Amino acid sequence: MQATKPPDPPRPAAGGSARRVAALVRKELLQILRDPSSILIAGILPLLLLFLFGYGVSLDLKNVAVCVVVETPTPEASSFAASFVHSRFFAMREVRDRRACEADLVAGRIKGIVALPAPYSARAARGESSPIEVLVDGSDPNTAGLVQNYALGLWRTWLSQEQVSNAGAAAAPVTLVPRFWYNPAHESAQFLLPGLVAVNMTLIGTLLTALVMAREWERGTMEALMSTPIGTIELLAGKLAPYFLLGMAAMALSVGSAVLVFDVPFRGSFMALSAISAVFLLCMLAFGLLVSTLARNQFVASQAALIVGFLPAIMLSGFLFEISSMPAPIRILTYIMPARYFVPSLQTLFLVGDIAAILVPNGLAMAAITIVLLIAVGRVTRLRLD
Amino acid sequence: MVRRILFLIVKEFLAVWRDPRSRAILVVPPIVQLLIFSFAMTQEVKEVRMAVLNRDLGVQSRELIERFAGSPYFASVLPVAGDTAAHATLDAADVLLILEIGEDFSRDLAAARPAQVQVLLDGRRSNAAQIVEGYAEQIVEVYNQDRLAEKGGPLPSSVLVSRAWFNPNLTSRWSTVPGLIGALTMLLGMVVTALSVARERELGTFEQLLVSPLRPLEILVGKAVPAFLIGIGEASAILAIAVFGLHVPFIGSLALLYAGMTVYLAAVIGVGLFISSLVSTQQQAILGAFTFFAPAILLSGFVTPVENMPDWLEPLTLVDPMRYFTVISRGVFLKAMPAGEVMQNLWPMALIAAFTLSAAALQFGRRLR
């Protein structure tokens with residue numbers, strides 16, 4: 001960077017700047033409308049991803065295949081096995097011998113084995129507790145944990161029913177009544193879809209500018225633009241404005257489908273959503289601009305957009321994975337990822353409402369990143385010009 | 001003919017290796033991604049912040065709260081005074097769970113009436129909330145057992161003992177790292193096939209290849225073999241880091257894993273070359289590669305189980321090579337999966353590889369004419 005700025009070339013008139021930007025915006029808009037790939041990125045791709053992932057990425061267990069081993073069929077054992085038949089979470093198969101389904105656990109065809117050991121009835125008659133064993137497939141830890149929880153829940157319900165039917169057995173002194181706020185049926189789609197909208201916007205924002213701008217650098221049309229009397233800021237404004245409009249349209253499309261097709265409630269205000277999305281989109285566009293200006297070819301720009309933009313938006317944003325459980329160095333890394341602020345904002349806007357305590361700090365953090373990125377873009381672009 | 005292909009293979013290697021930028025893209029991101037994602041991709045919930053809304057004045061409620069505070073799962077227990085304060089902390093996501101104890105709790109317990117406590121969970125993070133609910137259930141369960149034992153009353157007829165096979169502590173990393181081998185190899189395979197051919201096409205160097213005496217099939221082999229070798233090399237590096245650096249247990253057969261890797265890479269390279277045979281610009285190649293690999297990774301069972309998908313979507317995953325490789329990789333790493341089971345997941349990938357590679361060869365041949 002030079003310490004002293006070279007004098008600007010003479011500008012025609014005060015109103016010229018706005019006119020130049022307007023002309024550039026018009027040119028860019030025409031270019032977008034005539035280039036099918038921008039429409040593809042902003043229109044088709046987000047819908048495709050939202051639908052595929054909205055249905056495909058789910059943490060809700062259904063029909064989990066389990067094997068119930070009843071070594072000696074007794075009334076208690078069969079009534080416990082029956083509670084697995086009636087549960088909507090499990091699809092169970094009853095066997096007499098555990099060895100019959102251990103290979104299935106290795107192959108991944110079942111997720112767990114529930115074993116009622118042989119002396120069960122004898123011990124129960126003597127009034128002792130007999131152990132019921134739940135073996136889960138730890139190669140998928142999240143599912144394994146949920147299967148354990150559901151099995152525990154089934155067992156507890158079964159136990160209290162048994163106690164009602166044969167009085168005298170001990171009732172559990174304390175029962176826990178869980179209530180899930182904001183998402184009473186605890187459907188994963190309700191919190192995953194707002195996150196998916198954020199992932200979508202990351203992708204659209206960075207791909208739009210990264211690819212399209214890198215192509216201009218590659219083809220030399222960027223140099224042609226720079227040789228016109230337009231200034232750096234005007235150039236950036238002119239480049240960002242049309243993609244901003246396109247990105248906001250894609251955002252509306254994504255939010256609309258989340259609400260209308262996937263029945264995710266929207267409890268926040270339209271104003272707050274627009275404001276926070278605008279900040280995030282600007283941030284992504286600025287990031288895409290920076291990448292394309294630095295890389296100046298589509299190959300590297302697309303790689304960078306993916307590796308620094310898309311993948312962290314999935315992995316480091318709290319959309320699927322718990323940021324608070326990550327080791328400290330990675331938790332610190334998440335603070336520079338804009339998606340980390342956008343995902344909780346969207347989840348709150350969709351499921352809770354306008355909660356200032358969440359929206360304001362997250363919005364400010366994204367705004368700060370945006371400003372840093374825009375300044376960097378301005379400097380790099382000017383450097384390229386010299 | 002063999003010599004011609006060999007020359008092409010050497011040329012391809014040099015082309016990738018001489019360009020410092022593409023060399024960097026092949027080596028640096030996969031390693032960095034492996035290290036970051038293997039620690040980041042965790043659905044474990046640790047050190048949960050919780051709040052307590054206690055309306056009870058008795059000793060029993062304090063004892064129960066002590067148990068939550070003493071549990072390794074909960075990092076801090078924040079007392080809140082009333083409904084409004086409780087709402088606000090949950091709204092602002094300060095806590096994941098609020099334990100609400102009614103005013104009759106101690107009285108009910110003393111009178112041996114069944115007592116109830118409520119947990120309010122943040123449904124915004126419904127997966128984490130369900131896991132934490134499980135922790136809370138466990139704490140209450142132990143509390144109940146201790147109380148019953150103290151009083152010397154009759155014990156419940158059974159106890160539930162849970163164990164996890166293959167991964168006793170349910171460590172996320174043990175399952176994500178074997179999956180990441182597939183994901184990172186796919187990303188790399190796409191880059192060295194789909195994107196690089198498209199770039200050559202835009203630069204015009206691909207046309208030069210086409211007018212050389214090489215036949216389309218030979219060009220295909222010349223493109224596939226270096227990509228394959230680079231992929232195997234990278235997968236081996238990731239494997240070594242996984243086992244020696246990240247200490248993921250590997251109890252199965254290395255030969256079976258390499259068999260799986262070979263067929264998987266062939267399928268991935270087949271898809272990449274097929275995409276590159278269809279497109280004419282880099283932008284189309286990038287979009288094409290992306291539309292393939294983003295769903296291929298996310299719907300493979302690597303991130304969320306295939307079984308959770310709706311029934312109509314599941315068949316789509318049958319054409320996803322990563323679906324099969326994830327099963328093989330996790331199986332061989334953690335479960336010492338036998339050869340028969342590996343085979344069952346191998347042949348669908350072989351089918352995908354055969355189909356895409358021959359389709360790419362046909363399409364290259366058609367372009368030539």
# chains A, B, ... in the order shown; residues from 1 in each chain; ligands from 1
call {"tool": "residues_around", "arguments": {"residues": "Met326 in chain A", "least_positions_apart": "4", "cutoff": "7 Å", "atoms": "only C-alpha atoms", "output": "list in words"}}
result
Glu322, Ile330 and Arg331 of chain A; Phe39 and Ala40 of chain B
call {"tool": "write_last_selection", "arguments": {"atoms": "N, CA and C atoms", "output": "CSV table (one decimal), in the first residue's frame"}}
result
chain,number,residue,atom,x,y,z
A,322,GLU,N,-22.1,-29.2,17.8
A,322,GLU,CA,-22.1,-28.3,19.0
A,322,GLU,C,-20.8,-27.5,19.2
A,330,ILE,N,-10.5,-24.7,18.1
A,330,ILE,CA,-11.5,-24.7,17.1
A,330,ILE,C,-12.6,-23.8,17.4
A,331,ARG,N,-12.9,-23.8,18.7
A,331,ARG,CA,-14.0,-22.8,19.2
A,331,ARG,C,-13.6,-21.4,18.8
B,39,PHE,N,-12.2,-32.7,14.9
B,39,PHE,CA,-12.5,-32.2,16.3
B,39,PHE,C,-13.8,-31.5,16.3
B,40,ALA,N,-14.2,-30.8,15.2
B,40,ALA,CA,-15.4,-30.0,15.2
B,40,ALA,C,-16.7,-30.8,15.0
call {"tool": "closest_residue", "arguments": {"among": "A:Leu351, A:Leu236, A:Val57, A:Leu48", "to": "Ala189 in chain A", "atoms": "only C-alpha atoms"}}
result
A:Val57
call {"tool": "closest_residue", "arguments": {"among": "A:Leu294, A:Ala18, A:Val95, A:Ile307", "to": "chain B", "atoms": "only C-alpha atoms"}}
result
A:Ile307
call {"tool": "residues_around", "arguments": {"residues": "Val10 in chain B", "least_positions_apart": "5", "cutoff": "10 Å", "atoms": "only C-alpha atoms", "output": "tab-separated table (two decimals) with C-alpha atoms, in the first residue's frame"}}
result
chain	number	residue	atom	x	y	z
B	5	ILE	CA	-0.38	-44.01	-21.92
B	15	ALA	CA	1.28	-30.84	-14.83
B	222	GLY	CA	-4.13	-41.31	-18.74
B	226	PRO	CA	-2.77	-40.20	-11.94
call {"tool": "closest_residue", "arguments": {"among": "B:Phe290, B:Gln283, B:Glu12, B:Gln130", "to": "Ser38 in chain A", "atoms": "only C-alpha atoms"}}
result
B:Gln283
call {"tool": "select_by_dssp", "arguments": {"residues": "range 39-190 of chain A", "states": "alpha helix (DSSP H)", "output": "NGL selection string"}}
result
:A and (39 or 45-56 or 75-86 or 99-107 or 120-126 or 141-165 or 188-190)
call {"tool": "write_last_selection", "arguments": {"atoms": "C-alpha atoms", "output": "PDB file, in the first residue's frame"}}
result
ATOM      1  CA  ILE A  39     -29.670 -17.727 -12.299  1.00  0.00           C
ATOM      2  CA  LEU A  45     -29.154 -24.563  -6.651  1.00  0.00           C
ATOM      3  CA  PRO A  46     -30.636 -23.210  -3.381  1.00  0.00           C
ATOM      4  CA  LEU A  47     -33.978 -24.889  -3.979  1.00  0.00           C
ATOM      5  CA  LEU A  48     -32.312 -28.167  -4.881  1.00  0.00           C
ATOM      6  CA  LEU A  49     -30.124 -28.086  -1.784  1.00  0.00           C
ATOM      7  CA  LEU A  50     -32.916 -27.009   0.534  1.00  0.00           C
ATOM      8  CA  PHE A  51     -35.215 -29.797  -0.617  1.00  0.00           C
ATOM      9  CA  LEU A  52     -32.576 -32.491  -0.683  1.00  0.00           C
ATOM     10  CA  PHE A  53     -31.158 -31.587   2.700  1.00  0.00           C
ATOM     11  CA  GLY A  54     -34.453 -30.537   4.251  1.00  0.00           C
ATOM     12  CA  TYR A  55     -35.647 -34.076   3.760  1.00  0.00           C
ATOM     13  CA  GLY A  56     -32.334 -35.914   3.790  1.00  0.00           C
ATOM     14  CA  PRO A  75     -44.969 -62.867  30.870  1.00  0.00           C
ATOM     15  CA  GLU A  76     -42.697 -60.010  32.024  1.00  0.00           C
ATOM     16  CA  ALA A  77     -40.234 -60.524  29.202  1.00  0.00           C
ATOM     17  CA  SER A  78     -42.955 -60.607  26.569  1.00  0.00           C
ATOM     18  CA  SER A  79     -44.690 -57.533  27.914  1.00  0.00           C
ATOM     19  CA  PHE A  80     -41.380 -55.652  27.847  1.00  0.00           C
ATOM     20  CA  ALA A  81     -40.659 -56.874  24.315  1.00  0.00           C
ATOM     21  CA  ALA A  82     -44.146 -55.759  23.316  1.00  0.00           C
ATOM     22  CA  SER A  83     -43.392 -52.189  24.328  1.00  0.00           C
ATOM     23  CA  PHE A  84     -40.709 -52.146  21.608  1.00  0.00           C
ATOM     24  CA  VAL A  85     -43.282 -53.309  19.072  1.00  0.00           C
ATOM     25  CA  HIS A  86     -45.583 -50.432  19.966  1.00  0.00           C
ATOM     26  CA  ARG A  99     -25.603 -64.787  18.631  1.00  0.00           C
ATOM     27  CA  ALA A 100     -28.348 -64.676  16.003  1.00  0.00           C
ATOM     28  CA  CYS A 101     -28.056 -60.918  15.719  1.00  0.00           C
ATOM     29  CA  GLU A 102     -24.500 -60.013  16.706  1.00  0.00           C
ATOM     30  CA  ALA A 103     -23.372 -60.244  13.075  1.00  0.00           C
ATOM     31  CA  ASP A 104     -26.161 -57.834  12.139  1.00  0.00           C
ATOM     32  CA  LEU A 105     -24.781 -55.308  14.603  1.00  0.00           C
ATOM     33  CA  VAL A 106     -21.347 -55.577  12.987  1.00  0.00           C
ATOM     34  CA  ALA A 107     -22.872 -55.197   9.528  1.00  0.00           C
ATOM     35  CA  TYR A 120     -34.782 -62.987  34.524  1.00  0.00           C
ATOM     36  CA  SER A 121     -37.948 -64.711  35.656  1.00  0.00           C
ATOM     37  CA  ALA A 122     -36.327 -66.559  38.534  1.00  0.00           C
ATOM     38  CA  ARG A 123     -34.814 -63.419  39.986  1.00  0.00           C
ATOM     39  CA  ALA A 124     -37.957 -61.441  39.470  1.00  0.00           C
ATOM     40  CA  ALA A 125     -39.828 -64.087  41.471  1.00  0.00           C
ATOM     41  CA  ARG A 126     -37.338 -63.725  44.327  1.00  0.00           C
ATOM     42  CA  PRO A 141     -22.377 -42.283  18.563  1.00  0.00           C
ATOM     43  CA  ASN A 142     -25.259 -39.849  18.176  1.00  0.00           C
ATOM     44  CA  THR A 143     -27.758 -42.514  17.149  1.00  0.00           C
ATOM     45  CA  ALA A 144     -26.335 -44.831  19.801  1.00  0.00           C
ATOM     46  CA  GLY A 145     -26.931 -42.228  22.520  1.00  0.00           C
ATOM     47  CA  LEU A 146     -30.477 -41.559  21.354  1.00  0.00           C
ATOM     48  CA  VAL A 147     -31.249 -45.293  21.177  1.00  0.00           C
ATOM     49  CA  GLN A 148     -30.025 -45.632  24.765  1.00  0.00           C
ATOM     50  CA  ASN A 149     -32.275 -42.744  25.822  1.00  0.00           C
ATOM     51  CA  TYR A 150     -35.337 -44.119  24.063  1.00  0.00           C
ATOM     52  CA  ALA A 151     -34.750 -47.605  25.463  1.00  0.00           C
ATOM     53  CA  LEU A 152     -34.456 -46.099  28.931  1.00  0.00           C
ATOM     54  CA  GLY A 153     -37.700 -44.214  28.403  1.00  0.00           C
ATOM     55  CA  LEU A 154     -39.517 -47.342  27.204  1.00  0.00           C
ATOM     56  CA  TRP A 155     -38.209 -49.337  30.124  1.00  0.00           C
ATOM     57  CA  ARG A 156     -39.304 -46.711  32.642  1.00  0.00           C
ATOM     58  CA  THR A 157     -42.812 -46.483  31.212  1.00  0.00           C
ATOM     59  CA  TRP A 158     -43.050 -50.258  31.187  1.00  0.00           C
ATOM     60  CA  LEU A 159     -41.819 -50.453  34.774  1.00  0.00           C
ATOM     61  CA  SER A 160     -44.393 -47.998  36.073  1.00  0.00           C
ATOM     62  CA  GLN A 161     -47.165 -49.851  34.263  1.00  0.00           C
ATOM     63  CA  GLU A 162     -46.000 -53.103  35.809  1.00  0.00           C
ATOM     64  CA  GLN A 163     -46.040 -51.475  39.216  1.00  0.00           C
ATOM     65  CA  VAL A 164     -49.581 -50.282  38.750  1.00  0.00           C
ATOM     66  CA  SER A 165     -50.669 -53.787  37.813  1.00  0.00           C
ATOM     67  CA  SER A 188     -34.797 -31.906  14.018  1.00  0.00           C
ATOM     68  CA  ALA A 189     -36.095 -30.290  10.810  1.00  0.00           C
ATOM     69  CA  GLN A 190     -37.269 -27.288  12.817  1.00  0.00           C
TER      70      GLN A 190
END
call {"tool": "decode", "arguments": {"residues": "range 19-113 of chain B", "atoms": "C-alpha atoms", "output": "PDB file, in the first residue's frame"}}
result
ATOM      1  CA  ASP B  19       2.060 -25.682 -10.584  1.00  0.00           C
ATOM      2  CA  PRO B  20       2.659 -24.554  -6.995  1.00  0.00           C
ATOM      3  CA  ARG B  21      -0.925 -23.427  -6.586  1.00  0.00           C
ATOM      4  CA  SER B  22      -2.494 -26.719  -7.583  1.00  0.00           C
ATOM      5  CA  ARG B  23       0.146 -28.557  -5.573  1.00  0.00           C
ATOM      6  CA  ALA B  24      -0.863 -26.537  -2.518  1.00  0.00           C
ATOM      7  CA  ILE B  25      -4.536 -27.234  -3.129  1.00  0.00           C
ATOM      8  CA  LEU B  26      -3.881 -30.963  -3.213  1.00  0.00           C
ATOM      9  CA  VAL B  27      -1.791 -31.165  -0.072  1.00  0.00           C
ATOM     10  CA  VAL B  28      -2.716 -28.451   2.402  1.00  0.00           C
ATOM     11  CA  PRO B  29      -6.543 -28.290   2.583  1.00  0.00           C
ATOM     12  CA  PRO B  30      -7.176 -32.022   3.129  1.00  0.00           C
ATOM     13  CA  ILE B  31      -4.792 -32.183   6.070  1.00  0.00           C
ATOM     14  CA  VAL B  32      -6.108 -28.960   7.616  1.00  0.00           C
ATOM     15  CA  GLN B  33      -9.689 -30.077   7.065  1.00  0.00           C
ATOM     16  CA  LEU B  34      -9.010 -33.450   8.624  1.00  0.00           C
ATOM     17  CA  LEU B  35      -7.580 -31.849  11.742  1.00  0.00           C
ATOM     18  CA  ILE B  36     -10.289 -29.214  12.088  1.00  0.00           C
ATOM     19  CA  PHE B  37     -13.329 -31.261  11.141  1.00  0.00           C
ATOM     20  CA  SER B  38     -12.380 -34.342  13.119  1.00  0.00           C
ATOM     21  CA  PHE B  39     -12.536 -32.241  16.258  1.00  0.00           C
ATOM     22  CA  ALA B  40     -15.391 -29.983  15.164  1.00  0.00           C
ATOM     23  CA  MET B  41     -17.836 -32.653  14.037  1.00  0.00           C
ATOM     24  CA  THR B  42     -19.135 -33.595  17.409  1.00  0.00           C
ATOM     25  CA  GLN B  43     -22.679 -34.037  18.515  1.00  0.00           C
ATOM     26  CA  GLU B  44     -21.533 -34.756  22.023  1.00  0.00           C
ATOM     27  CA  VAL B  45     -22.864 -32.303  24.544  1.00  0.00           C
ATOM     28  CA  LYS B  46     -20.479 -31.374  27.292  1.00  0.00           C
ATOM     29  CA  GLU B  47     -20.344 -28.773  30.022  1.00  0.00           C
ATOM     30  CA  VAL B  48     -23.955 -27.754  29.641  1.00  0.00           C
ATOM     31  CA  ARG B  49     -25.116 -24.567  31.263  1.00  0.00           C
ATOM     32  CA  MET B  50     -28.374 -25.011  33.134  1.00  0.00           C
ATOM     33  CA  ALA B  51     -30.691 -22.977  35.310  1.00  0.00           C
ATOM     34  CA  VAL B  52     -32.789 -23.986  38.298  1.00  0.00           C
ATOM     35  CA  LEU B  53     -36.171 -22.567  39.172  1.00  0.00           C
ATOM     36  CA  ASN B  54     -36.739 -23.919  42.673  1.00  0.00           C
ATOM     37  CA  ARG B  55     -40.044 -23.122  44.364  1.00  0.00           C
ATOM     38  CA  ASP B  56     -39.512 -25.750  47.038  1.00  0.00           C
ATOM     39  CA  LEU B  57     -38.022 -24.863  50.407  1.00  0.00           C
ATOM     40  CA  GLY B  58     -37.192 -28.363  51.608  1.00  0.00           C
ATOM     41  CA  VAL B  59     -33.930 -30.254  51.886  1.00  0.00           C
ATOM     42  CA  GLN B  60     -34.816 -32.825  49.232  1.00  0.00           C
ATOM     43  CA  SER B  61     -34.926 -30.331  46.382  1.00  0.00           C
ATOM     44  CA  ARG B  62     -31.539 -28.942  47.354  1.00  0.00           C
ATOM     45  CA  GLU B  63     -30.158 -32.453  47.415  1.00  0.00           C
ATOM     46  CA  LEU B  64     -31.441 -33.108  43.888  1.00  0.00           C
ATOM     47  CA  ILE B  65     -29.949 -29.830  42.646  1.00  0.00           C
ATOM     48  CA  GLU B  66     -26.627 -30.776  44.245  1.00  0.00           C
ATOM     49  CA  ARG B  67     -26.643 -33.920  42.123  1.00  0.00           C
ATOM     50  CA  PHE B  68     -27.043 -31.878  38.950  1.00  0.00           C
ATOM     51  CA  ALA B  69     -24.316 -29.453  40.013  1.00  0.00           C
ATOM     52  CA  GLY B  70     -21.993 -32.334  40.870  1.00  0.00           C
ATOM     53  CA  SER B  71     -22.524 -34.111  37.545  1.00  0.00           C
ATOM     54  CA  PRO B  72     -19.701 -33.839  34.994  1.00  0.00           C
ATOM     55  CA  TYR B  73     -22.272 -33.060  32.277  1.00  0.00           C
ATOM     56  CA  PHE B  74     -23.324 -29.736  33.743  1.00  0.00           C
ATOM     57  CA  ALA B  75     -20.803 -26.923  33.972  1.00  0.00           C
ATOM     58  CA  SER B  76     -22.801 -24.351  35.865  1.00  0.00           C
ATOM     59  CA  VAL B  77     -26.123 -24.209  37.634  1.00  0.00           C
ATOM     60  CA  LEU B  78     -27.674 -20.770  37.560  1.00  0.00           C
ATOM     61  CA  PRO B  79     -30.508 -20.111  40.021  1.00  0.00           C
ATOM     62  CA  VAL B  80     -33.390 -18.087  38.579  1.00  0.00           C
ATOM     63  CA  ALA B  81     -36.078 -16.393  40.631  1.00  0.00           C
ATOM     64  CA  GLY B  82     -39.292 -16.618  38.660  1.00  0.00           C
ATOM     65  CA  ASP B  83     -41.031 -17.513  35.420  1.00  0.00           C
ATOM     66  CA  THR B  84     -40.048 -14.296  33.645  1.00  0.00           C
ATOM     67  CA  ALA B  85     -36.381 -14.683  34.453  1.00  0.00           C
ATOM     68  CA  ALA B  86     -36.519 -18.341  33.433  1.00  0.00           C
ATOM     69  CA  HIS B  87     -38.128 -17.454  30.106  1.00  0.00           C
ATOM     70  CA  ALA B  88     -35.527 -14.789  29.434  1.00  0.00           C
ATOM     71  CA  THR B  89     -32.535 -17.067  30.044  1.00  0.00           C
ATOM     72  CA  LEU B  90     -33.927 -19.756  27.775  1.00  0.00           C
ATOM     73  CA  ASP B  91     -34.934 -17.217  25.091  1.00  0.00           C
ATOM     74  CA  ALA B  92     -31.433 -15.764  25.044  1.00  0.00           C
ATOM     75  CA  ALA B  93     -30.003 -19.297  24.857  1.00  0.00           C
ATOM     76  CA  ASP B  94     -27.948 -18.656  27.983  1.00  0.00           C
ATOM     77  CA  VAL B  95     -28.862 -22.127  29.204  1.00  0.00           C
ATOM     78  CA  LEU B  96     -29.899 -25.295  27.428  1.00  0.00           C
ATOM     79  CA  LEU B  97     -32.108 -26.594  30.207  1.00  0.00           C
ATOM     80  CA  ILE B  98     -34.064 -25.321  33.191  1.00  0.00           C
ATOM     81  CA  LEU B  99     -34.887 -27.621  36.076  1.00  0.00           C
ATOM     82  CA  GLU B 100     -38.196 -26.555  37.561  1.00  0.00           C
ATOM     83  CA  ILE B 101     -39.109 -27.871  41.009  1.00  0.00           C
ATOM     84  CA  GLY B 102     -42.603 -27.180  42.307  1.00  0.00           C
ATOM     85  CA  GLU B 103     -43.396 -26.038  45.842  1.00  0.00           C
ATOM     86  CA  ASP B 104     -44.785 -29.441  46.911  1.00  0.00           C
ATOM     87  CA  PHE B 105     -41.693 -31.433  45.993  1.00  0.00           C
ATOM     88  CA  SER B 106     -40.241 -32.061  49.465  1.00  0.00           C
ATOM     89  CA  ARG B 107     -43.687 -32.478  51.001  1.00  0.00           C
ATOM     90  CA  ASP B 108     -44.640 -35.109  48.396  1.00  0.00           C
ATOM     91  CA  LEU B 109     -41.422 -37.003  48.894  1.00  0.00           C
ATOM     92  CA  ALA B 110     -41.763 -36.954  52.672  1.00  0.00           C
ATOM     93  CA  ALA B 111     -45.308 -38.288  52.361  1.00  0.00           C
ATOM     94  CA  ALA B 112     -44.076 -40.980  49.927  1.00  0.00           C
ATOM     95  CA  ARG B 113     -46.293 -39.561  47.185  1.00  0.00           C
TER      96      ARG B 113
END
